[in-house]
Amino acid sequence: MILSRSYRDFAARPLRGGVLALALLAAAGVSAAPAITSPAPNFDFGERDNDEVVTHAFVVKNAGDEALVISDVKSSCGCTVAELETSTLQPGEETHVTANFNLKGRQGHQTKTITVISNDPAQPAYRLELTGTAIATISVEPGLVNFGRIEDTAIHEQTVLVQSNREGHTFELLDVSLSENAPFTVEIKTNEPGKEYAILVHTLPNPMPGALNGRLTIRTDDVSRPAVLVNLFGHVVGPLQILPDVINIQSNSAPDARPASMNVQVKAGRVKEFELVEVIAPADSIAAEIVQLRANDYVIKLTGMPVDGSLRGKELIVRTNSPDAPELRIPFLIRPERPASSARIPARVPASQATPPARPVRPVAPAQ
């Protein structure tokens, strides 16, 4: 800021107490306020064993010209505990925010934040950050297996590597199992006895179109990692994609119930080029209009579908010119009729007069 000569002459005059500072601030149009800052808001703890607790004291300072009041200190998860030394800082004063980050059971790169809530108008939520890498005694990589989009009928393979990360440490791989009905197979290979094992996960041959889901349980004789769970995912694309692959209809026996309508999309999957030839509905009242959105992408507009339950167990038949998918069958799913008592209470009824809804009973999860 450039000051005029008259202003400089005025500022140079001796004034009593803090009058000079206030006069300068007022002349410059600046209002007093607290300002939170830290000389090192980010701390990299490097590589640590995952049975350690990382402790670091962040320095927090008031760089403003009014008292800084810290009202709260929050961590990004329960694994990190932050403690504040002093909650009120006068201008120029500093304090410490001590963070304790428990690495137990963690693996790989870690980032945790501590948010300091204060009366700083510019930065009311000031962030401190801990980063580093947790090294497990036994590492399992990757922690999640995703086969992605599968567009053929071949067997696909991915590898999960289980290995010791400490010098002189050995372990045994006791067992590897799949969750019930998981559409995968596993094979174990020993790369180095006591040190490294490879688990080969395969998809089944000719998998059914749709989502692939499963879970791998790896058991070792090491007390630090006796059991490790790895989720398995994937999606098998059929010859053609049908969205949705089930036609849902809500039952309604009321005399004035309106017929249901719905759109079904059919587009390229493994088969890249095709044409829709015909749609055969299971009831005469159903109208099926084929609309081509673009090449190899169609919408079937269904109207007039009865809601009396007569479509239960029926299918919509879609015929194409593709030898790999000459006929598609889309089932009807008839949902039970809603009970009359499920109607909502009108919003105009005061809450004090409305009958409270019954509290749902949550099912008890089976023991693992």
# chains A, B, ... in the order shown; residues from 1 in each chain; ligands from 1
>>> residues_around(residues="Gly148 in chain A", least_positions_apart="5", cutoff="12 Å", atoms="only C-alpha atoms", output="PyMOL selection string")
chain A and resi 156-158+203+210-213+232-237
>>> write_last_selection(atoms="all heavy atoms", output="tab-separated table (two decimals), in the first residue's frame")
chain	number	residue	atom	x	y	z
A	156	HIS	N	-10.94	-66.21	-17.00
A	156	HIS	CA	-10.08	-65.07	-16.69
A	156	HIS	C	-9.38	-65.32	-15.35
A	156	HIS	O	-9.94	-65.95	-14.45
A	156	HIS	CB	-10.89	-63.78	-16.64
A	156	HIS	CG	-11.40	-63.36	-17.98
A	156	HIS	ND1	-10.90	-62.27	-18.65
A	156	HIS	CD2	-12.35	-63.89	-18.79
A	156	HIS	CE1	-11.51	-62.14	-19.81
A	156	HIS	NE2	-12.41	-63.11	-19.91
A	157	GLU	N	-8.16	-64.79	-15.22
A	157	GLU	CA	-7.34	-65.05	-14.03
A	157	GLU	C	-6.79	-63.75	-13.45
A	157	GLU	O	-6.38	-62.85	-14.19
A	157	GLU	CB	-6.17	-65.98	-14.39
A	157	GLU	CG	-5.20	-66.23	-13.24
A	157	GLU	CD	-4.00	-67.06	-13.67
A	157	GLU	OE1	-4.20	-68.26	-13.96
A	157	GLU	OE2	-2.88	-66.51	-13.74
A	158	GLN	N	-6.78	-63.68	-12.12
A	158	GLN	CA	-6.08	-62.61	-11.41
A	158	GLN	C	-5.34	-63.23	-10.23
A	158	GLN	O	-5.75	-64.27	-9.69
A	158	GLN	CB	-7.04	-61.51	-10.94
A	158	GLN	CG	-7.60	-60.68	-12.08
A	158	GLN	CD	-7.98	-59.29	-11.64
A	158	GLN	OE1	-7.34	-58.69	-10.78
A	158	GLN	NE2	-9.03	-58.76	-12.25
A	203	THR	N	-12.21	-67.13	-13.06
A	203	THR	CA	-13.64	-67.16	-13.32
A	203	THR	C	-14.00	-68.53	-13.89
A	203	THR	O	-13.15	-69.25	-14.39
A	203	THR	CB	-14.05	-66.06	-14.31
A	203	THR	OG1	-13.35	-66.27	-15.55
A	203	THR	CG2	-13.72	-64.68	-13.78
A	210	GLY	N	-24.21	-61.16	-16.13
A	210	GLY	CA	-24.61	-60.49	-14.89
A	210	GLY	C	-23.41	-60.25	-13.99
A	210	GLY	O	-22.26	-60.42	-14.38
A	211	ALA	N	-23.71	-59.86	-12.76
A	211	ALA	CA	-22.66	-59.51	-11.80
A	211	ALA	C	-22.00	-60.76	-11.23
A	211	ALA	O	-22.66	-61.77	-10.97
A	211	ALA	CB	-23.24	-58.67	-10.68
A	212	LEU	N	-20.69	-60.67	-11.04
A	212	LEU	CA	-19.93	-61.71	-10.34
A	212	LEU	C	-19.55	-61.17	-8.97
A	212	LEU	O	-18.98	-60.08	-8.85
A	212	LEU	CB	-18.64	-62.05	-11.11
A	212	LEU	CG	-18.79	-62.63	-12.53
A	212	LEU	CD1	-17.40	-62.88	-13.12
A	212	LEU	CD2	-19.59	-63.92	-12.51
A	213	ASN	N	-19.88	-61.92	-7.92
A	213	ASN	CA	-19.57	-61.50	-6.56
A	213	ASN	C	-19.11	-62.69	-5.75
A	213	ASN	O	-19.64	-63.79	-5.90
A	213	ASN	CB	-20.79	-60.86	-5.87
A	213	ASN	CG	-21.18	-59.54	-6.49
A	213	ASN	OD1	-20.48	-58.56	-6.34
A	213	ASN	ND2	-22.30	-59.53	-7.22
A	232	LEU	N	-14.29	-60.18	-4.23
A	232	LEU	CA	-14.12	-60.46	-5.65
A	232	LEU	C	-15.31	-59.89	-6.42
A	232	LEU	O	-16.46	-60.10	-6.03
A	232	LEU	CB	-14.01	-61.97	-5.90
A	232	LEU	CG	-13.05	-62.75	-4.99
A	232	LEU	CD1	-13.18	-64.25	-5.24
A	232	LEU	CD2	-11.61	-62.29	-5.21
A	233	PHE	N	-15.02	-59.19	-7.53
A	233	PHE	CA	-16.08	-58.57	-8.32
A	233	PHE	C	-15.84	-58.79	-9.81
A	233	PHE	O	-14.73	-59.11	-10.24
A	233	PHE	CB	-16.16	-57.06	-8.05
A	233	PHE	CG	-16.46	-56.68	-6.64
A	233	PHE	CD1	-15.45	-56.35	-5.77
A	233	PHE	CD2	-17.76	-56.66	-6.19
A	233	PHE	CE1	-15.71	-55.99	-4.46
A	233	PHE	CE2	-18.05	-56.32	-4.88
A	233	PHE	CZ	-17.02	-55.97	-4.01
A	234	GLY	N	-16.87	-58.56	-10.58
A	234	GLY	CA	-16.77	-58.60	-12.02
A	234	GLY	C	-18.15	-58.47	-12.63
A	234	GLY	O	-19.18	-58.54	-11.92
A	235	HIS	N	-18.22	-58.28	-13.93
A	235	HIS	CA	-19.51	-58.22	-14.61
A	235	HIS	C	-19.37	-58.89	-15.97
A	235	HIS	O	-18.53	-58.49	-16.79
A	235	HIS	CB	-19.99	-56.78	-14.79
A	235	HIS	CG	-21.35	-56.69	-15.39
A	235	HIS	ND1	-22.51	-56.84	-14.63
A	235	HIS	CD2	-21.77	-56.49	-16.66
A	235	HIS	CE1	-23.56	-56.73	-15.43
A	235	HIS	NE2	-23.14	-56.52	-16.66
A	236	VAL	N	-20.19	-59.91	-16.17
A	236	VAL	CA	-20.17	-60.66	-17.43
A	236	VAL	C	-21.23	-60.08	-18.37
A	236	VAL	O	-22.41	-59.98	-18.02
A	236	VAL	CB	-20.45	-62.16	-17.19
A	236	VAL	CG1	-20.46	-62.92	-18.51
A	236	VAL	CG2	-19.39	-62.75	-16.25
A	237	VAL	N	-20.77	-59.67	-19.53
A	237	VAL	CA	-21.67	-59.12	-20.54
A	237	VAL	C	-22.12	-60.25	-21.45
A	237	VAL	O	-21.30	-61.00	-21.99
A	237	VAL	CB	-20.96	-58.03	-21.36
A	237	VAL	CG1	-21.88	-57.48	-22.44
A	237	VAL	CG2	-20.48	-56.92	-20.44
>>> residues_around(residues="range 126-129 of chain A", least_positions_apart="3", cutoff="10 Å", atoms="only C-alpha atoms", output="list of chain:residue names")
A:Ile36, A:Thr37, A:Ser38, A:Ala40, A:Pro41, A:Asn42, A:Phe43, A:Asp44, A:Phe58, A:Val59, A:Val60, A:Val73, A:Lys74, A:Ser75, A:Ser76, A:Val97, A:Ala99, A:Thr111, A:Lys112, A:Thr113, A:Ile114, A:Thr115, A:Val116, A:Ile117, A:Ser118, A:Asp120, A:Ala122, A:Gln123
>>> select_by_dssp(residues="range 61-240 of chain A", states="strand (DSSP E)", output="VMD selection string")
chain A and resid 61 to 62 68 to 75 80 to 84 88 to 89 94 to 102 108 to 118 125 to 135 138 to 141 144 to 150 157 to 164 173 to 178 184 to 192 196 to 203 210 to 220 227 to 236 240
